[in-house]
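Below is the file data.cif, which contains mmCIF, C-alpha atoms and all ligand atoms.
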```
data_final
#
loop_
_atom_site.group_PDB
_atom_site.id
_atom_site.type_symbol
_atom_site.label_atom_id
_atom_site.label_comp_id
_atom_site.auth_asym_id
_atom_site.auth_seq_id
_atom_site.Cartn_x
_atom_site.Cartn_y
_atom_site.Cartn_z
ATOM 1 C CA MET L 9 25.713 -11.879 -2.988
ATOM 2 C CA THR L 10 22.438 -10.378 -1.778
ATOM 3 C CA ARG L 11 19.201 -10.287 -3.759
ATOM 4 C CA LEU L 12 16.337 -9.319 -1.575
ATOM 5 C CA ILE L 13 12.840 -7.914 -2.008
ATOM 6 C CA PHE L 14 11.089 -5.785 0.628
ATOM 7 C CA LEU L 15 7.317 -5.968 0.980
ATOM 8 C CA GLY L 16 5.180 -4.002 3.387
ATOM 9 C CA PRO L 17 2.631 -1.222 3.696
ATOM 10 C CA PRO L 18 3.516 2.444 3.122
ATOM 11 C CA GLY L 19 5.591 3.725 6.031
ATOM 12 C CA ALA L 20 6.573 0.220 7.154
ATOM 13 C CA GLY L 21 10.233 1.187 6.939
ATOM 14 C CA LYS L 22 11.039 -0.566 3.639
ATOM 15 C CA GLY L 23 13.196 2.308 2.410
ATOM 16 C CA THR L 24 14.968 2.738 5.756
ATOM 17 C CA GLN L 25 15.806 -0.955 6.176
ATOM 18 C CA ALA L 26 16.564 -1.547 2.479
ATOM 19 C CA GLN L 27 19.029 1.322 2.430
ATOM 20 C CA MET L 28 20.888 0.096 5.551
ATOM 21 C CA LEU L 29 21.064 -3.456 4.247
ATOM 22 C CA ALA L 30 22.125 -2.447 0.733
ATOM 23 C CA SER L 31 24.870 -0.273 2.158
ATOM 24 C CA ASP L 32 26.141 -3.059 4.480
ATOM 25 C CA CYS L 33 26.075 -5.557 1.591
ATOM 26 C CA SER L 34 27.557 -3.096 -0.971
ATOM 27 C CA VAL L 35 24.714 -3.606 -3.426
ATOM 28 C CA PRO L 36 22.360 -0.975 -4.879
ATOM 29 C CA HIS L 37 19.134 -0.062 -3.110
ATOM 30 C CA ILE L 38 16.555 0.048 -5.903
ATOM 31 C CA SER L 39 13.403 1.933 -4.929
ATOM 32 C CA THR L 40 10.757 2.454 -7.610
ATOM 33 C CA GLY L 41 9.282 5.246 -5.452
ATOM 34 C CA ASP L 42 12.657 7.082 -5.413
ATOM 35 C CA ILE L 43 13.096 6.579 -9.182
ATOM 36 C CA LEU L 44 9.591 7.945 -9.821
ATOM 37 C CA ARG L 45 10.063 10.926 -7.456
ATOM 38 C CA ALA L 46 13.335 11.786 -9.247
ATOM 39 C CA ALA L 47 11.500 11.591 -12.595
ATOM 40 C CA VAL L 48 8.792 13.935 -11.273
ATOM 41 C CA ALA L 49 11.428 16.371 -9.937
ATOM 42 C CA ASP L 50 13.276 16.302 -13.295
ATOM 43 C CA GLY L 51 10.051 16.812 -15.240
ATOM 44 C CA THR L 52 10.699 13.813 -17.519
ATOM 45 C CA GLU L 53 7.941 12.176 -19.605
ATOM 46 C CA LEU L 54 7.771 9.376 -17.013
ATOM 47 C CA GLY L 55 7.518 11.925 -14.202
ATOM 48 C CA LYS L 56 4.730 13.836 -15.951
ATOM 49 C CA LYS L 57 2.746 10.631 -16.448
ATOM 50 C CA ALA L 58 3.360 9.330 -12.899
ATOM 51 C CA GLU L 59 2.796 12.496 -10.867
ATOM 52 C CA ALA L 60 -1.020 12.491 -10.637
ATOM 53 C CA TYR L 61 -1.138 8.811 -9.589
ATOM 54 C CA MET L 62 1.490 9.378 -6.912
ATOM 55 C CA SER L 63 -0.178 12.443 -5.392
ATOM 56 C CA ALA L 64 -3.481 10.568 -5.256
ATOM 57 C CA GLY L 65 -1.847 7.548 -3.576
ATOM 58 C CA GLU L 66 -2.664 5.267 -6.522
ATOM 59 C CA LEU L 67 -0.231 2.837 -8.096
ATOM 60 C CA VAL L 68 1.371 4.076 -11.282
ATOM 61 C CA PRO L 69 0.242 1.854 -14.219
ATOM 62 C CA ASP L 70 2.364 -1.254 -14.792
ATOM 63 C CA ASP L 71 3.351 -0.194 -18.314
ATOM 64 C CA LEU L 72 5.317 2.714 -16.816
ATOM 65 C CA ILE L 73 7.054 0.543 -14.228
ATOM 66 C CA LEU L 74 7.976 -2.742 -15.890
ATOM 67 C CA ASP L 75 10.471 -1.362 -18.436
ATOM 68 C CA LEU L 76 11.917 0.852 -15.754
ATOM 69 C CA ILE L 77 12.719 -2.055 -13.417
ATOM 70 C CA GLN L 78 14.019 -4.225 -16.276
ATOM 71 C CA GLU L 79 16.412 -1.448 -17.359
ATOM 72 C CA ARG L 80 17.533 -0.775 -13.768
ATOM 73 C CA LEU L 81 18.317 -4.442 -13.105
ATOM 74 C CA ALA L 82 20.331 -4.593 -16.348
ATOM 75 C CA GLN L 83 22.712 -1.872 -15.159
ATOM 76 C CA GLU L 84 26.277 -2.780 -14.269
ATOM 77 C CA ASP L 85 26.011 -2.055 -10.530
ATOM 78 C CA ALA L 86 23.086 -4.492 -10.149
ATOM 79 C CA GLN L 87 24.941 -7.529 -11.490
ATOM 80 C CA MET L 88 26.345 -8.518 -8.083
ATOM 81 C CA GLY L 89 23.095 -8.136 -6.147
ATOM 82 C CA TRP L 90 20.403 -5.654 -5.178
ATOM 83 C CA VAL L 91 17.786 -4.785 -2.602
ATOM 84 C CA LEU L 92 14.377 -4.019 -4.126
ATOM 85 C CA ASP L 93 12.012 -1.661 -2.302
ATOM 86 C CA GLY L 94 8.537 -0.824 -3.618
ATOM 87 C CA PHE L 95 8.556 -3.388 -6.425
ATOM 88 C CA PRO L 96 6.645 -5.618 -6.987
ATOM 89 C CA ARG L 97 3.408 -3.923 -5.869
ATOM 90 C CA ASN L 98 0.804 -6.275 -7.360
ATOM 91 C CA VAL L 99 0.545 -9.834 -8.630
ATOM 92 C CA SER L 100 1.202 -8.934 -12.269
ATOM 93 C CA GLN L 101 4.420 -7.093 -11.298
ATOM 94 C CA ALA L 102 5.464 -10.106 -9.186
ATOM 95 C CA GLU L 103 4.849 -12.506 -12.079
ATOM 96 C CA PHE L 104 6.805 -10.223 -14.412
ATOM 97 C CA LEU L 105 9.687 -10.090 -11.924
ATOM 98 C CA ILE L 106 9.842 -13.858 -11.514
ATOM 99 C CA LYS L 107 10.132 -14.328 -15.289
ATOM 100 C CA LEU L 108 12.676 -11.521 -15.582
ATOM 101 C CA LEU L 109 14.858 -12.913 -12.780
ATOM 102 C CA GLU L 110 14.724 -16.380 -14.349
ATOM 103 C CA LYS L 111 15.760 -14.923 -17.695
ATOM 104 C CA ILE L 112 18.708 -12.997 -16.262
ATOM 105 C CA GLU L 113 19.556 -15.913 -13.930
ATOM 106 C CA GLN L 114 19.406 -13.778 -10.789
ATOM 107 C CA PRO L 115 16.881 -15.428 -8.464
ATOM 108 C CA ALA L 116 15.845 -13.519 -5.339
ATOM 109 C CA ASP L 117 17.201 -15.001 -2.079
ATOM 110 C CA PHE L 118 13.974 -14.192 -0.271
ATOM 111 C CA VAL L 119 11.243 -11.661 0.315
ATOM 112 C CA VAL L 120 11.081 -9.734 3.597
ATOM 113 C CA ASN L 121 7.618 -8.713 4.747
ATOM 114 C CA LEU L 122 7.711 -5.824 7.226
ATOM 115 C CA ASP L 123 4.669 -6.053 9.492
ATOM 116 C CA VAL L 124 3.485 -2.728 10.954
ATOM 117 C CA ALA L 125 0.186 -1.623 12.511
ATOM 118 C CA ASP L 126 -1.859 0.986 10.607
ATOM 119 C CA GLU L 127 -1.861 3.596 13.386
ATOM 120 C CA VAL L 128 1.951 3.372 13.727
ATOM 121 C CA ILE L 129 2.162 3.988 9.975
ATOM 122 C CA VAL L 130 -0.122 7.024 10.004
ATOM 123 C CA THR L 131 1.836 8.593 12.893
ATOM 124 C CA ARG L 132 5.201 7.971 11.173
ATOM 125 C CA LEU L 133 4.130 9.330 7.812
ATOM 126 C CA LEU L 134 2.390 12.442 9.168
ATOM 127 C CA LYS L 135 5.645 13.206 10.978
ATOM 128 C CA ARG L 136 7.680 12.741 7.764
ATOM 129 C CA GLY L 137 5.404 15.005 5.670
ATOM 130 C CA ARG L 138 6.335 13.937 2.096
ATOM 131 C CA ALA L 139 4.043 15.264 -0.687
ATOM 132 C CA ASP L 140 1.871 12.112 -0.446
ATOM 133 C CA ASP L 141 1.903 12.026 3.383
ATOM 134 C CA GLU L 142 -1.383 13.865 3.943
ATOM 135 C CA GLU L 143 -3.743 11.796 6.174
ATOM 136 C CA GLY L 144 -6.428 11.154 3.512
ATOM 137 C CA VAL L 145 -3.788 10.082 0.979
ATOM 138 C CA ILE L 146 -1.993 7.904 3.549
ATOM 139 C CA ARG L 147 -5.254 6.066 4.326
ATOM 140 C CA HIS L 148 -5.905 5.634 0.606
ATOM 141 C CA ARG L 149 -2.359 4.267 0.111
ATOM 142 C CA LEU L 150 -3.116 1.773 2.898
ATOM 143 C CA GLU L 151 -6.308 0.691 1.090
ATOM 144 C CA VAL L 152 -4.419 0.314 -2.184
ATOM 145 C CA TYR L 153 -1.794 -1.699 -0.306
ATOM 146 C CA ARG L 154 -4.433 -4.029 1.188
ATOM 147 C CA LYS L 155 -6.170 -4.632 -2.149
ATOM 148 C CA GLN L 156 -3.237 -4.821 -4.526
ATOM 149 C CA THR L 157 0.003 -5.491 -2.629
ATOM 150 C CA ALA L 158 -0.971 -7.535 0.442
ATOM 151 C CA PRO L 159 -1.933 -10.556 -1.757
ATOM 152 C CA LEU L 160 1.810 -10.840 -2.479
ATOM 153 C CA ILE L 161 2.328 -12.067 1.091
ATOM 154 C CA ASP L 162 0.513 -15.329 0.272
ATOM 155 C CA PHE L 163 1.988 -15.322 -3.238
ATOM 156 C CA TYR L 164 5.559 -15.438 -1.874
ATOM 157 C CA ARG L 165 4.617 -17.624 1.104
ATOM 158 C CA ASP L 166 3.304 -20.226 -1.355
ATOM 159 C CA ARG L 167 6.639 -20.030 -3.176
ATOM 160 C CA GLN L 168 8.389 -20.520 0.205
ATOM 161 C CA GLN L 169 10.305 -17.285 -0.223
ATOM 162 C CA LEU L 170 8.643 -15.193 2.503
ATOM 163 C CA VAL L 171 10.118 -14.153 5.836
ATOM 164 C CA SER L 172 8.386 -11.710 8.181
ATOM 165 C CA VAL L 173 9.947 -9.122 10.459
ATOM 166 C CA ASP L 174 8.156 -7.059 13.131
ATOM 167 C CA GLY L 175 8.497 -3.490 11.824
ATOM 168 C CA ASN L 176 6.758 -1.853 14.808
ATOM 169 C CA GLN L 177 10.013 -1.734 16.776
ATOM 170 C CA PRO L 178 12.575 1.111 16.684
ATOM 171 C CA MET L 179 14.686 1.193 13.483
ATOM 172 C CA GLU L 180 17.797 -0.410 15.002
ATOM 173 C CA ALA L 181 15.743 -3.240 16.543
ATOM 174 C CA VAL L 182 14.035 -3.903 13.188
ATOM 175 C CA TYR L 183 17.453 -4.014 11.527
ATOM 176 C CA ALA L 184 18.756 -6.449 14.156
ATOM 177 C CA SER L 185 15.724 -8.732 13.578
ATOM 178 C CA LEU L 186 16.298 -8.490 9.839
ATOM 179 C CA GLN L 187 19.951 -9.472 10.157
ATOM 180 C CA ALA L 188 19.006 -12.398 12.401
ATOM 181 C CA VAL L 189 16.510 -13.604 9.783
ATOM 182 C CA ILE L 190 19.074 -13.265 7.002
ATOM 183 C CA ARG L 191 21.737 -15.152 8.974
ATOM 184 C CA SER L 192 19.352 -18.006 9.706
HETATM 185 P P1 LIG O 201 6.991 4.426 -2.367
HETATM 186 O O1 LIG O 201 8.036 5.458 -2.398
HETATM 187 O O2 LIG O 201 7.353 3.017 -2.565
HETATM 188 O O3 LIG O 201 6.169 4.691 -1.046
HETATM 189 P P2 LIG O 201 5.449 3.732 0.016
HETATM 190 O O4 LIG O 201 5.347 2.307 -0.275
HETATM 191 O O5 LIG O 201 4.188 4.446 0.318
HETATM 192 O O6 LIG O 201 6.505 3.719 1.102
HETATM 193 P P3 LIG O 201 7.069 4.854 2.010
HETATM 194 O O7 LIG O 201 8.270 5.467 1.379
HETATM 195 O O8 LIG O 201 5.996 5.790 2.480
HETATM 196 O O9 LIG O 201 7.435 3.973 3.248
HETATM 197 P P4 LIG O 201 8.576 2.903 3.517
HETATM 198 O O10 LIG O 201 7.966 1.595 3.852
HETATM 199 O O11 LIG O 201 9.644 2.933 2.466
HETATM 200 O O12 LIG O 201 9.105 3.521 4.860
HETATM 201 P P5 LIG O 201 10.315 4.529 5.098
HETATM 202 O O13 LIG O 201 11.541 3.759 5.363
HETATM 203 O O14 LIG O 201 10.329 5.555 4.005
HETATM 204 O O15 LIG O 201 5.866 4.744 -3.461
HETATM 205 C C1 LIG O 201 5.318 6.046 -3.595
HETATM 206 C C2 LIG O 201 4.347 6.045 -4.768
HETATM 207 O O16 LIG O 201 5.060 5.734 -5.979
HETATM 208 C C3 LIG O 201 3.232 4.983 -4.695
HETATM 209 O O17 LIG O 201 2.112 5.444 -3.974
HETATM 210 C C4 LIG O 201 2.927 4.808 -6.189
HETATM 211 O O18 LIG O 201 2.149 5.873 -6.684
HETATM 212 C C5 LIG O 201 4.299 4.897 -6.829
HETATM 213 N N1 LIG O 201 4.975 3.590 -6.950
HETATM 214 C C6 LIG O 201 6.152 3.215 -6.371
HETATM 215 N N2 LIG O 201 6.476 1.979 -6.734
HETATM 216 C C7 LIG O 201 5.497 1.550 -7.563
HETATM 217 C C8 LIG O 201 5.260 0.331 -8.250
HETATM 218 N N3 LIG O 201 6.114 -0.708 -8.157
HETATM 219 N N4 LIG O 201 4.139 0.225 -8.984
HETATM 220 C C9 LIG O 201 3.276 1.259 -9.100
HETATM 221 N N5 LIG O 201 3.430 2.434 -8.460
HETATM 222 C C10 LIG O 201 4.536 2.575 -7.695
HETATM 223 O O19 LIG O 201 9.848 5.188 6.467
HETATM 224 C C11 LIG O 201 8.743 6.053 6.536
HETATM 225 C C12 LIG O 201 8.964 7.041 7.693
HETATM 226 O O20 LIG O 201 8.986 6.318 8.922
HETATM 227 C C13 LIG O 201 10.296 7.780 7.618
HETATM 228 O O21 LIG O 201 10.136 9.078 8.104
HETATM 229 C C14 LIG O 201 11.227 6.954 8.529
HETATM 230 O O22 LIG O 201 12.256 7.734 9.072
HETATM 231 C C15 LIG O 201 10.244 6.461 9.585
HETATM 232 N N6 LIG O 201 10.606 5.133 10.106
HETATM 233 C C16 LIG O 201 11.029 4.053 9.382
HETATM 234 N N7 LIG O 201 11.235 2.986 10.191
HETATM 235 C C17 LIG O 201 10.896 3.408 11.457
HETATM 236 C C18 LIG O 201 10.888 2.774 12.734
HETATM 237 N N8 LIG O 201 11.225 1.481 12.882
HETATM 238 N N9 LIG O 201 10.501 3.498 13.806
HETATM 239 C C19 LIG O 201 10.122 4.824 13.671
HETATM 240 N N10 LIG O 201 10.127 5.472 12.485
HETATM 241 C C20 LIG O 201 10.499 4.779 11.389
#
```
Give the structure from the file, written as structure tokens.
Ligand code: AP5
Amino acid sequence: MTRLIFLGPPGAGKGTQAQMLASDCSVPHISTGDILRAAVADGTELGKKAEAYMSAGELVPDDLILDLIQERLAQEDAQMGWVLDGFPRNVSQAEFLIKLLEKIEQPADFVVNLDVADEVIVTRLLKRGRADDEEGVIRHRLEVYRKQTAPLIDFYRDRQQLVSVDGNQPMEAVYASLQAVIRS
């Protein structure tokens, strides 16, 4: 059973690595960014509320995210494990998740922090060209990451749940490092 959380700046490769691992472990890859983008594309109430925050590179308010993650983790396919990507994004989301996982008796195995240099990130994301991959927005997402998400590195280190992987390498090399960390 695999229950893993990916942390890291935008463009670190969380989605790429989480998807490969989830597929190898036959558990769902749960990405709050993907769920929100689908909601925006479908024009749902959630999508309408989230869209402006996402295009500006701001975090969507917690009250839109917490129910969403609770409902997703309650679904049938998540009962035998999951790989979380993009959640939690701040300390209050992390505290919520810890309580939720205790309540549903599904503790996370550990938290993988993908370490990547800023300039590598900017180059990768400009090449991808998603709606929020414009240089000004990318740099703002990095600022938001540093202020709101990076404190989770110490948060999970203090809980002795953190492992770090060098995400600057090519995708396959990152995945090999990740597997080595998981095995150990
Ligand atoms: P989200 O979708 O989570 O975006 P992000 O964190 O900015 O992450 P990215 O998808 O840009 O990067 P990634 O680390 O997943 O890298 P990826 O594998 O895609 O969030 C988007 C927005 O939604 C947020 O700004 C916010 O508004 C909102 N949101 C989401 N979750 C939220 C939450 N919990 N609370 C509040 N708001 C929330 O790779 C990126 C690119 O690099 C790809 O093109 C990939 O092919 C390439 N690449 C990956 N790995 C490598 C490698 N090793 N070498 C070369 N290229 C690589």
The PyMOL selection byres (((not hetatm)) within 7 of (chain O and resi 201)) - which residues does that actually catch in the file I just gave you? List them as JSON, numbers by chain. {"L": [16, 17, 18, 19, 20, 21, 22, 23, 24, 25, 39, 40, 41, 42, 44, 61, 62, 65, 66, 67, 68, 69, 70, 73, 93, 94, 95, 96, 97, 132, 133, 135, 136, 149, 175, 176, 177, 178, 179, 182]}
Neighbour list for Val189 of chain L as JSON, numbers by chain, cut-off 12 Å, all atoms listed in the file, skip fewer than 4 positions in-chain: {"L": [117, 118, 119, 120, 121, 170, 171, 172, 173, 174, 182, 183, 184, 185]}
What does the distance between atom CA of Ala86 of chain L and atom CA of Val35 of chain L come to in Å, to one decimal place? 7.0 Å
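In this model, the gap between atom CA of Phe104 of chain L and atom CA of Glu79 of chain L comes to 13.3 Å.
You can rank L:Arg147, L:Arg138, L:Lys155, L:Arg80 by their closest distance to Leu92 of chain L using all atoms listed in the file, and at the top of that list sits L:Arg80.
Residues in contact with Arg11 of chain L at up to 8 Å, not including ones fewer than 2 positions away on its chain and judged by only C-alpha atoms, are Met9, Ile13, Gly89, Trp90, Val91, Leu92, Gln114, Pro115, Ala116, Asp117 and Phe118 of chain L.
Nearest residue to Ile106 of chain L, choosing from L:Gln78, L:Gln187, L:Ala181, L:Val48 and counting all atoms listed in the file: L:Gln78.
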Give me the residues within 10 Å of Gly55 of chain L as a JSON list (two decimals) with C-alpha atoms, in the frame of the given file, counting all atoms listed in the file and dropping any in the same chain fewer than 3 places off.
```json
[["chain", "number", "residue", "atom", "x", "y", "z"],
["L", 43, "ILE", "CA", 13.10, 6.58, -9.18],
["L", 44, "LEU", "CA", 9.59, 7.94, -9.82],
["L", 45, "ARG", "CA", 10.06, 10.93, -7.46],
["L", 46, "ALA", "CA", 13.34, 11.79, -9.25],
["L", 47, "ALA", "CA", 11.50, 11.59, -12.60],
["L", 48, "VAL", "CA", 8.79, 13.94, -11.27],
["L", 49, "ALA", "CA", 11.43, 16.37, -9.94],
["L", 50, "ASP", "CA", 13.28, 16.30, -13.30],
["L", 51, "GLY", "CA", 10.05, 16.81, -15.24],
["L", 52, "THR", "CA", 10.70, 13.81, -17.52],
["L", 58, "ALA", "CA", 3.36, 9.33, -12.90],
["L", 59, "GLU", "CA", 2.80, 12.50, -10.87],
["L", 60, "ALA", "CA", -1.02, 12.49, -10.64],
["L", 62, "MET", "CA", 1.49, 9.38, -6.91],
["L", 72, "LEU", "CA", 5.32, 2.71, -16.82]]
```
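We find atom CA of Leu81 of chain L and atom CA of Val99 of chain L to be spaced 19.1 Å apart.
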In the coordinate frame of the file, compute which residues have an atom within 7 Å of (3.7, 17.0, -4.7) when using all atoms listed in the file, and state them as an mmCIF file with C-alpha atoms, in the coordinates of the input.
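So the final result, stored in out.cif, reads:
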```
data_model
loop_
_atom_site.group_PDB
_atom_site.id
_atom_site.type_symbol
_atom_site.label_atom_id
_atom_site.label_comp_id
_atom_site.auth_asym_id
_atom_site.auth_seq_id
_atom_site.Cartn_x
_atom_site.Cartn_y
_atom_site.Cartn_z
ATOM 1 C CA SER L 63 -0.178 12.443 -5.392
ATOM 2 C CA ALA L 139 4.043 15.264 -0.687
ATOM 3 C CA ASP L 140 1.871 12.112 -0.446
#
```
